[in-house]
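S.K.: Next comes run.txt, compact mmCIF, C-alpha atoms:
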# COMPACT_ATOMS: atom_id res chain seq x y z
CA MET A 1 -62.49 134.19 91.97
CA GLU A 2 -66.06 133.81 90.72
CA ASN A 3 -66.57 137.59 90.74
CA VAL A 4 -63.41 138.11 88.72
CA PHE A 5 -64.70 135.56 86.19
CA ASN A 6 -68.06 137.39 86.05
CA LEU A 7 -66.26 140.68 85.48
CA TYR A 8 -64.24 139.08 82.68
CA SER A 9 -67.50 137.89 81.11
CA ALA A 10 -68.99 141.37 81.30
CA ILE A 11 -65.85 142.90 79.78
CA LYS A 12 -65.94 140.33 76.98
CA GLU A 13 -69.59 141.10 76.17
CA GLN A 14 -69.27 144.89 76.31
CA ASN A 15 -65.98 145.23 74.50
CA ASP A 16 -66.24 142.50 71.83
CA TYR A 17 -63.26 140.46 72.98
CA LYS A 18 -62.98 136.94 71.65
CA THR A 19 -62.39 134.27 74.29
CA ASP A 20 -58.80 133.74 73.12
CA ASP A 21 -58.07 137.48 73.27
CA LEU A 22 -59.44 138.19 76.74
CA PRO A 23 -56.74 140.25 78.44
CA SER A 24 -55.58 140.38 82.02
CA PHE A 25 -56.37 143.52 84.00
CA ASN A 26 -52.94 144.97 83.19
CA GLU A 27 -52.61 147.29 80.21
CA ILE A 28 -56.31 146.94 79.40
CA GLU A 29 -58.91 149.46 78.28
CA ILE A 30 -62.41 148.93 79.66
CA ARG A 31 -65.32 151.19 78.76
CA ASP A 32 -69.10 151.47 79.06
CA LEU A 33 -69.72 148.96 81.82
CA ILE A 34 -71.71 148.67 85.05
CA VAL A 35 -70.11 146.55 87.78
CA CYS A 36 -72.28 145.83 90.85
CA ASP A 37 -72.15 143.83 94.07
CA SER A 38 -68.71 142.29 93.56
CA ASN A 39 -65.78 141.42 95.75
CA LEU A 40 -62.68 142.25 93.70
CA ASP A 41 -60.23 142.28 96.62
CA ASP A 42 -56.53 142.10 95.78
CA LEU A 43 -57.16 142.94 92.11
CA ILE A 44 -54.06 144.15 90.28
CA SER A 45 -54.52 146.56 87.39
CA VAL A 46 -51.45 148.40 86.14
CA ASN A 47 -51.27 150.87 83.27
CA SER A 48 -54.95 150.47 82.37
CA ILE A 49 -57.75 152.79 81.24
CA TYR A 50 -61.29 152.66 82.62
CA SER A 51 -63.84 155.01 81.04
CA HIS A 52 -67.57 155.45 81.55
CA ILE A 53 -67.70 152.71 84.20
CA GLU A 54 -70.13 152.62 87.11
CA PHE A 55 -68.86 150.74 90.14
CA ASN A 56 -71.61 150.10 92.70
CA LYS A 57 -71.18 148.15 95.98
CA ILE A 58 -67.70 146.91 95.10
CA SER A 59 -64.96 145.78 97.45
CA PHE A 60 -61.54 146.75 96.13
CA TYR A 61 -59.85 145.89 99.43
CA SER A 62 -56.08 145.91 98.99
CA THR A 63 -56.25 146.46 95.23
CA TYR A 64 -53.34 147.75 93.19
CA PHE A 65 -54.46 150.36 90.62
CA VAL A 66 -51.09 151.88 89.78
CA GLN A 67 -50.49 154.04 86.68
CA THR A 68 -54.14 153.57 85.81
CA SER A 69 -56.60 156.12 84.41
CA PHE A 70 -60.27 156.50 85.33
CA HIS A 71 -62.31 158.83 83.13
CA GLN A 72 -65.98 159.67 83.75
CA CYS A 73 -66.41 156.83 86.24
CA THR A 74 -68.84 156.67 89.14
CA PHE A 75 -67.96 154.90 92.38
CA LYS A 76 -70.90 154.30 94.77
CA ASN A 77 -70.36 152.46 98.06
CA VAL A 78 -66.91 151.30 96.97
CA ASP A 79 -64.35 150.10 99.50
CA PHE A 80 -60.76 151.02 98.58
CA THR A 81 -59.46 150.09 102.06
CA LYS A 82 -55.67 149.50 102.04
CA SER A 83 -55.50 149.98 98.26
CA ASN A 84 -52.59 151.43 96.33
CA LEU A 85 -53.69 154.14 93.88
CA ASN A 86 -50.30 155.72 93.26
CA ASN A 87 -49.64 157.54 89.98
CA THR A 88 -53.28 157.07 88.98
CA SER A 89 -55.47 159.68 87.30
CA PHE A 90 -59.12 160.41 87.95
CA THR A 91 -60.91 162.78 85.55
CA PHE A 92 -64.61 163.71 85.83
CA CYS A 93 -65.21 160.97 88.43
CA SER A 94 -67.70 160.83 91.30
CA PHE A 95 -67.07 159.03 94.57
CA ILE A 96 -70.17 158.61 96.75
CA THR A 97 -69.92 156.98 100.18
CA CYS A 98 -66.54 155.38 99.46
CA SER A 99 -63.91 154.29 101.96
CA PHE A 100 -60.23 154.97 101.38
CA ALA A 101 -59.23 153.86 104.90
CA GLY A 102 -55.56 152.93 104.99
CA ALA A 103 -55.19 153.58 101.25
CA GLU A 104 -52.18 155.21 99.62
CA ILE A 105 -52.70 157.82 96.91
CA MET A 106 -49.48 159.54 95.92
CA GLY A 107 -48.48 161.15 92.64
CA ALA A 108 -52.06 161.01 91.35
CA GLU A 109 -53.78 163.53 89.09
CA ILE A 110 -57.33 164.32 90.16
CA THR A 111 -59.32 166.65 87.92
CA ALA A 112 -62.99 167.73 88.09
CA CYS A 113 -63.97 165.04 90.60
CA ASN A 114 -66.42 164.97 93.47
CA PHE A 115 -65.91 163.01 96.69
CA LYS A 116 -69.11 162.92 98.77
CA ASN A 117 -69.42 161.25 102.20
CA CYS A 118 -66.05 159.53 101.82
CA ILE A 119 -63.80 158.13 104.54
CA PHE A 120 -60.11 159.07 104.51
CA THR A 121 -59.08 157.42 107.82
CA ASN A 122 -55.36 156.57 107.97
CA ILE A 123 -54.92 157.50 104.31
CA ILE A 124 -51.65 158.68 102.80
CA PHE A 125 -52.74 161.35 100.32
CA SER A 126 -49.83 163.47 99.19
CA ASP A 127 -47.82 164.74 96.22
CA ASN A 128 -50.97 164.76 94.09
CA ILE A 129 -52.06 167.33 91.50
CA ILE A 130 -55.69 168.24 92.18
CA ASN A 131 -57.81 170.62 90.08
CA ASP A 132 -61.48 171.66 90.21
CA THR A 133 -62.39 169.00 92.78
CA GLN A 134 -64.61 168.93 95.85
CA PHE A 135 -63.99 166.71 98.86
CA GLU A 136 -66.68 166.02 101.47
CA ILE A 137 -64.86 163.84 103.97
CA THR A 138 -66.73 162.25 106.87
CA GLU A 139 -63.69 160.78 108.65
CA ARG A 140 -60.00 161.61 108.32
CA SER A 141 -58.41 160.60 111.64
CA PHE A 142 -54.66 159.98 111.62
CA SER A 143 -54.37 160.74 107.91
CA VAL A 144 -51.48 162.31 106.04
CA ILE A 145 -53.01 164.82 103.62
CA ASN A 146 -50.31 167.23 102.50
CA ASP A 147 -47.89 168.41 99.83
CA ASN A 148 -50.58 168.37 97.16
CA ILE A 149 -50.69 170.94 94.37
CA GLU A 150 -54.25 172.28 94.38
CA LYS A 151 -56.24 174.65 92.17
CA ASN A 152 -59.95 175.31 92.75
CA VAL A 153 -60.23 172.60 95.40
CA ILE A 154 -62.80 172.62 98.20
CA TRP A 155 -62.31 170.52 101.33
CA SER A 156 -65.19 169.93 103.73
CA PHE A 157 -64.74 167.81 106.85
CA ASP A 158 -67.65 166.61 109.02
Could you quickly redo this structure as structure tokens?

M.R.:
Amino acid sequence: MENVFNLYSAIKEQNDYKTDDLPSFNEIEIRDLIVCDSNLDDLISVNSIYSHIEFNKISFYSTYFVQTSFHQCTFKNVDFTKSNLNNTSFTFCSFITCSFAGAEIMGAEITACNFKNCIFTNIIFSDNIINDTQFEITERSFSVINDNIEKNVIWSFD
């Protein structure tokens, strides 16, 4: 809970919210922020927009980012284990050493992104629209990766 409060404080400072106006994580727009070393497990963020955010050493275990948009965000050492990212869009995002183990990503739009040294173990990754994206996956055992619409996509599995 303390980390969520600290994130609220950072959002307030960076986005000029007044204390009385501080929104929940649903239907929010957050921009120009660096979030480091936080446990944000079980966070729920629906129909929100995140732009120009750097997430570094974050645990998003079992988060719910549905119908949410990420634009020009960087994710370094982020744990999305067992998260729900359905109907979410990622545009010009970088994912470096991230885990999506047991996550569900369906109906997402992924454009001009780069996934480097990411784990896709037991992931459900289907029915997505993917353009101009590169995946460097280090582990994908028992995953369902199919029925995606792809254009200019490169998959590399180690």

S.K.: Neighbours of Asn114 of chain A within 9 Å (only C-alpha atoms; same-chain residues fewer than 3 positions away dropped), as an MDAnalysis selection string?

M.R.: chainID A and resid 92:96 132:136

S.K.: I'd like to know which of A:His52, A:Lys57, A:Lys76, A:Lys116 is closest to Phe90 of chain A, using all atoms listed in the file.

M.R.: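 Between A:His52, A:Lys57, A:Lys76, A:Lys116, the residue approaching Phe90 of chain A most closely is A:His52.
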
S.K.: My list of candidates is A:Ile58, A:Cys118, A:Cys113, A:Ile30. Which is closest to Leu43 of chain A when distances are computed with only C-alpha atoms?

M.R.: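 Using only C-alpha atoms, Leu43 of chain A sits closest to A:Ile58.
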
S.K.: Which of these residues is nearest to Ala101 of chain A, using all atoms listed in the file: A:Ser38, A:Thr81, A:Asn128, A:Ser89?

M.R.: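 Once distances to Ala101 of chain A are computed over all atoms listed in the file, the minimum belongs to A:Thr81.
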
S.K.: How many Å separate atom CA of Ser126 of chain A from atom CA of Ala108 of chain A?

M.R.: 8.5 Å

S.K.: What is the distance, in Å and to one decimal place, between atom CA of Thr68 of chain A and atom CA of Ile34 of chain A?

M.R.: 18.3 Å

S.K.: Would you compute the distance between atom CA of Ser59 of chain A and atom CA of Asn84 of chain A? Give it in Å to one decimal.

M.R.: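 Between atom CA of Ser59 of chain A and atom CA of Asn84 of chain A the gap works out to 13.6 Å.
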
S.K.: Up to 10 Å from (-53.6, 156.3, 106.8) in the file's coordinates: name the residues, counting all atoms listed in the file, as a list in words.

M.R.: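 It turns out the residues near that spot are Thr81, Lys82, Phe100, Ala101, Gly102, Ala103, Glu104, Phe120, Thr121, Asn122, Ile123, Ile124, Phe125, Arg140, Ser141, Phe142, Ser143, Val144 and Ile145 of chain A.
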
S.K.: Enumerate, as a PyMOL selection string, the protein, DNA and RNA residues whose atoms approach (-67.1, 157.4, 100.9) to within 6 Å, taking into account all atoms listed in the file and the coordinate frame of the file.

M.R.: chain A and resi 96-99+117-119
